[in-house]
Every structure is written in structure tokens, then in C-alpha cells.
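Visitor: Contents of query31.cif (mmCIF, C-alpha atoms) are given next:
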```cif
data_upload
#
loop_
_atom_site.label_atom_id
_atom_site.label_comp_id
_atom_site.auth_asym_id
_atom_site.auth_seq_id
_atom_site.Cartn_x
_atom_site.Cartn_y
_atom_site.Cartn_z
CA MET A 156 8.48 -19.04 75.23
CA THR A 157 8.81 -19.21 71.45
CA PRO A 158 10.53 -22.21 69.97
CA THR A 159 13.93 -21.36 68.47
CA ARG A 160 13.05 -22.75 65.09
CA LEU A 161 10.44 -19.94 64.49
CA GLN A 162 12.76 -17.05 65.31
CA GLY A 163 14.63 -14.94 62.73
CA ASP A 164 14.79 -15.01 58.96
CA ARG A 165 17.26 -17.79 58.50
CA GLY A 166 16.36 -20.17 55.72
CA ALA A 167 13.69 -17.93 54.20
CA VAL A 168 13.94 -17.10 50.51
CA GLY A 169 11.84 -13.99 50.02
CA GLY A 170 10.91 -12.56 46.64
CA ILE A 171 11.52 -15.57 44.42
CA GLU A 172 7.78 -15.94 43.88
CA VAL A 173 7.73 -12.51 42.21
CA LEU A 174 9.99 -13.53 39.31
CA PRO A 175 7.34 -15.54 37.38
CA PHE A 176 4.85 -12.70 37.76
CA GLY A 177 7.41 -10.16 36.59
CA MET A 178 8.27 -12.30 33.59
CA LEU A 179 4.58 -12.75 32.77
CA THR A 180 4.04 -8.99 33.01
CA PHE A 181 7.00 -8.38 30.69
CA VAL A 182 5.73 -10.87 28.09
CA VAL A 183 2.16 -9.54 28.18
CA GLY A 184 3.42 -5.94 28.00
CA SER A 185 5.62 -6.76 25.01
CA LEU A 186 2.73 -8.44 23.19
CA LEU A 187 0.50 -5.47 23.95
CA ALA A 188 3.07 -3.04 22.52
CA ALA A 189 3.53 -5.18 19.39
CA ASN A 190 -0.23 -5.39 18.85
CA ALA A 191 -0.66 -1.64 19.33
CA TRP A 192 1.99 -1.01 16.70
CA ALA A 193 0.32 -3.52 14.34
CA VAL A 194 -2.94 -1.55 14.57
CA VAL A 195 -1.14 1.72 13.81
CA ASP A 196 0.73 0.10 10.93
CA VAL A 197 -2.43 -1.30 9.30
CA LYS A 198 -4.23 2.01 9.76
CA LEU A 199 -1.39 3.85 8.01
CA ALA A 200 -1.47 1.30 5.18
CA VAL A 201 -5.23 1.55 4.55
CA THR A 202 -5.14 5.34 4.77
CA SER A 203 -2.45 5.43 2.11
CA ALA A 204 -4.31 2.89 -0.04
CA SER A 205 -7.59 4.83 0.07
CA ARG A 206 -5.86 8.12 -0.74
CA GLU A 207 -3.96 6.67 -3.69
CA ALA A 208 -7.05 4.86 -5.01
CA ALA A 209 -9.16 8.02 -4.87
CA ARG A 210 -6.49 10.02 -6.69
CA ARG A 211 -6.21 7.43 -9.47
CA TYR A 212 -10.00 7.15 -9.72
CA VAL A 213 -10.64 10.85 -10.33
CA GLU A 214 -7.75 11.15 -12.80
CA ALA A 215 -8.92 8.27 -15.02
CA PRO A 216 -10.33 8.96 -18.49
CA ASP A 217 -13.55 6.92 -18.01
CA ALA A 218 -15.54 4.95 -15.42
CA VAL A 219 -14.32 1.46 -16.38
CA THR A 220 -10.68 2.49 -16.36
CA ALA A 221 -11.21 4.43 -13.12
CA SER A 222 -12.31 1.37 -11.15
CA SER A 223 -9.50 -0.86 -12.35
CA ARG A 224 -6.85 1.81 -11.79
CA ALA A 225 -8.15 2.57 -8.30
CA LEU A 226 -8.07 -1.10 -7.33
CA GLY A 227 -4.55 -1.53 -8.71
CA SER A 228 -3.33 1.57 -6.93
CA ALA A 229 -4.80 0.46 -3.58
CA ARG A 230 -3.23 -2.97 -3.96
CA ASP A 231 0.16 -1.42 -4.79
CA ALA A 232 -0.03 0.88 -1.75
CA LEU A 233 -0.79 -2.02 0.59
CA ARG A 234 1.96 -4.12 -0.96
CA GLY A 235 4.36 -1.20 -0.41
CA HIS A 236 3.46 -1.20 3.30
CA GLY A 237 4.18 -4.92 3.54
CA ARG A 238 0.52 -5.96 3.72
CA SER A 239 -1.25 -8.62 1.69
CA PRO A 240 -3.44 -6.96 -0.94
CA ASP A 241 -5.45 -10.19 -1.26
CA ARG A 242 -7.02 -9.57 2.16
CA MET A 243 -8.11 -6.02 1.28
CA ARG A 244 -11.67 -4.92 0.54
CA MET A 245 -12.40 -1.74 -1.39
CA GLN A 246 -15.67 0.10 -1.97
CA ILE A 247 -16.29 2.94 -4.38
CA GLU A 248 -19.15 5.27 -3.47
CA HIS A 249 -20.54 8.19 -5.45
CA LYS A 250 -22.35 10.96 -3.60
CA ASP A 251 -26.12 10.81 -4.16
CA GLY A 252 -25.65 7.79 -6.44
CA ARG A 253 -24.45 9.96 -9.30
CA PRO A 254 -22.55 8.22 -12.10
CA TRP A 255 -18.91 8.85 -12.91
CA ALA A 256 -18.86 12.37 -14.39
CA ARG A 257 -17.60 15.90 -13.81
CA CYS A 258 -18.14 17.30 -10.30
CA THR A 259 -19.00 13.89 -8.81
CA ARG A 260 -17.63 13.37 -5.30
CA VAL A 261 -16.11 9.92 -5.07
CA ARG A 262 -15.38 8.21 -1.76
CA ILE A 263 -13.07 5.20 -1.62
CA VAL A 264 -13.23 2.98 1.48
CA VAL A 265 -10.43 0.46 2.05
CA THR A 266 -10.62 -2.23 4.75
CA HIS A 267 -7.90 -4.63 5.86
CA PRO A 268 -7.96 -7.10 8.79
CA VAL A 269 -5.76 -6.65 11.86
CA ALA A 270 -4.25 -9.78 13.42
CA ALA A 271 -5.36 -10.78 16.93
CA VAL A 272 -1.80 -11.52 18.03
CA SER A 273 1.03 -9.86 16.18
CA LEU A 274 4.61 -10.95 16.73
CA PRO A 275 7.57 -9.05 15.26
CA TRP A 276 9.43 -10.94 12.49
CA ILE A 277 7.00 -13.85 12.74
CA GLY A 278 3.70 -12.31 11.67
CA GLY A 279 0.18 -12.27 12.96
CA TYR A 280 -2.32 -14.92 13.98
CA GLY A 281 -6.08 -14.75 14.08
CA ARG A 282 -8.32 -11.84 13.22
CA ALA A 283 -9.23 -9.24 15.81
CA PHE A 284 -11.01 -6.56 13.79
CA ASP A 285 -10.79 -4.58 10.55
CA ALA A 286 -8.93 -1.32 10.05
CA THR A 287 -10.86 0.98 7.74
CA ALA A 288 -9.96 4.27 6.07
CA SER A 289 -11.73 6.41 3.52
CA HIS A 290 -10.78 9.29 1.26
CA SER A 291 -12.93 11.39 -1.03
CA GLU A 292 -12.19 13.61 -4.00
CA ILE A 293 -14.13 15.38 -6.71
CA ILE A 294 -13.73 14.54 -10.37
CA ASP A 295 -12.24 17.70 -11.87
CA PRO A 296 -14.95 19.90 -13.39
CA PHE A 297 -12.55 21.70 -15.74
CA ARG A 298 -10.63 18.73 -17.07
CA ALA A 299 -10.47 18.30 -20.82
CA GLY A 300 -11.79 15.15 -22.43
CA LEU A 301 -14.78 14.52 -20.15
CA PRO A 302 -18.32 14.68 -21.51
CA GLY A 303 -20.90 17.01 -20.02
CA VAL A 304 -20.89 20.45 -18.44
CA ALA A 305 -19.46 21.38 -15.03
CA GLU A 306 -22.34 21.84 -12.58
CA CYS A 307 -20.55 22.31 -9.31
#
```
Once more with this new file: its structure as C-alpha cells, please.
Guide:
Amino acid sequence: MTPTRLQGDRGAVGGIEVLPFGMLTFVVGSLLAANAWAVVDVKLAVTSASREAARRYVEAPDAVTASSRALGSARDALRGHGRSPDRMRMQIEHKDGRPWARCTRVRIVVTHPVAAVSLPWIGGYGRAFDATASHSEIIDPFRAGLPGVAEC
């Protein structure tokens, strides 16, 4: 003895409650993919900047020129990747604290912030973490014009 109003599926709209959850999943998934690509993009940019800065540093004629050329080269590389060079940090490290000279291994570390939320064509908001890359090279021991004797 079931009442007739509780029998059958007439009048029921099933599945409509899933649409907001599906839309939310799509939006969150799209933001996750955009942020993952932003991390990869910044990592590629800082890797390129550190490599170019190290190359310019070891090819410079003296220590003062080396630092300024390395900084300019890192800034140019980031600008070429569409990143703001004003937000970059760069460190120059010499192995064992040796000065700029023949056979000195130089390590350039470039850091750039990654946005917390990155939206295509709009840009990024906030700061999640920093992407860092380093590259090292040796100042050429056989290069003409440098003082001292090659000891490596």
C-alpha cells in the first residue's frame, strides 16, 4: 500500500547537481595546468639567464667588467623570455673564495619569483615560491691577456 505519489521517476531531475561540480573541476584543473606551465616557463628562463651570465662572466677581460656584463646578460635573457628582469636576483660565487683569475670556477645563481596564480594573457598574482637555476664555468686558463699563470 504505497501512495501513488511516491511511485516512479516522474518529476525527478537527476544529475543537474553534478554540473556545478563538473564546472568547478574544469576551472580548478585549468588553473592547475596554467600554474604548472608557469613554473616550467620560469625555470627555463632562469636556466637560460644563469647560463648566459656565466658565459659572459668568464669571457670578460677583467673582474669589474665581468660582473656588469654577467648582470646585463642575465637581464637580457629574462627579458627575452618575457619575464621582468627587475624581479631577478643574481649571485656570483667563486670556488674556495678565489678572486677572478685564470682557472677559477665561477658559479652564477639566478632566482626569479613564480606567481601563486597564473592566468594566460592576464598575468600572475601573488608569490608562491622562487625558481632558481645555477650554472658554472671555468675562466679559461690559456686565454691571452689575463695576468698570472694557469694552475689548473
Visitor: Might you spell out which residues the PyMOL selection byres ((chain A and resi 190-196) around 8) would select in the displayed file, as a PyMOL selection string?
Guide: chain A and resi 186-189+197-200+269-274+286
Visitor: Specify as a compact mmCIF listing (two decimals) with C-alpha atoms, in the coordinates of the input each residue included when the PyMOL selection byres ((chain A and resi 264) around 8) is applied to this file.
Guide:
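Now in result19.txt:
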```txt
# COMPACT_ATOMS: atom_id res chain seq x y z
CA SER A 205 -7.59 4.83 0.07
CA MET A 245 -12.40 -1.74 -1.39
CA GLN A 246 -15.67 0.10 -1.97
CA ILE A 247 -16.29 2.94 -4.38
CA ARG A 262 -15.38 8.21 -1.76
CA ILE A 263 -13.07 5.20 -1.62
CA VAL A 265 -10.43 0.46 2.05
CA THR A 266 -10.62 -2.23 4.75
CA THR A 287 -10.86 0.98 7.74
CA ALA A 288 -9.96 4.27 6.07
CA SER A 289 -11.73 6.41 3.52
CA HIS A 290 -10.78 9.29 1.26
```
Visitor: Decode the PyMOL selection byres ((chain A and resi 230) around 12) for the given file into explicit residues and return them as a compact mmCIF listing (two decimals) with C-alpha atoms, keeping the file's coordinate frame.
Guide:
```txt
# COMPACT_ATOMS: atom_id res chain seq x y z
CA ALA A 200 -1.47 1.30 5.18
CA VAL A 201 -5.23 1.55 4.55
CA SER A 203 -2.45 5.43 2.11
CA ALA A 204 -4.31 2.89 -0.04
CA SER A 205 -7.59 4.83 0.07
CA ARG A 206 -5.86 8.12 -0.74
CA GLU A 207 -3.96 6.67 -3.69
CA ALA A 208 -7.05 4.86 -5.01
CA SER A 223 -9.50 -0.86 -12.35
CA ARG A 224 -6.85 1.81 -11.79
CA ALA A 225 -8.15 2.57 -8.30
CA LEU A 226 -8.07 -1.10 -7.33
CA GLY A 227 -4.55 -1.53 -8.71
CA SER A 228 -3.33 1.57 -6.93
CA ALA A 229 -4.80 0.46 -3.58
CA ASP A 231 0.16 -1.42 -4.79
CA ALA A 232 -0.03 0.88 -1.75
CA LEU A 233 -0.79 -2.02 0.59
CA ARG A 234 1.96 -4.12 -0.96
CA GLY A 235 4.36 -1.20 -0.41
CA HIS A 236 3.46 -1.20 3.30
CA GLY A 237 4.18 -4.92 3.54
CA ARG A 238 0.52 -5.96 3.72
CA SER A 239 -1.25 -8.62 1.69
CA PRO A 240 -3.44 -6.96 -0.94
CA ASP A 241 -5.45 -10.19 -1.26
CA ARG A 242 -7.02 -9.57 2.16
CA MET A 243 -8.11 -6.02 1.28
CA ARG A 244 -11.67 -4.92 0.54
CA MET A 245 -12.40 -1.74 -1.39
CA VAL A 265 -10.43 0.46 2.05
CA THR A 266 -10.62 -2.23 4.75
CA HIS A 267 -7.90 -4.63 5.86
```
Visitor: Let me make sure I understand: among A:Glu214, A:Glu306, A:Asp285, A:Glu292, which one has the smallest atom-to-atom distance to Lys250 in chain A if we use only C-alpha atoms?
Guide: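 Ranked by minimum distance to Lys250 in chain A, first place goes to A:Glu292.
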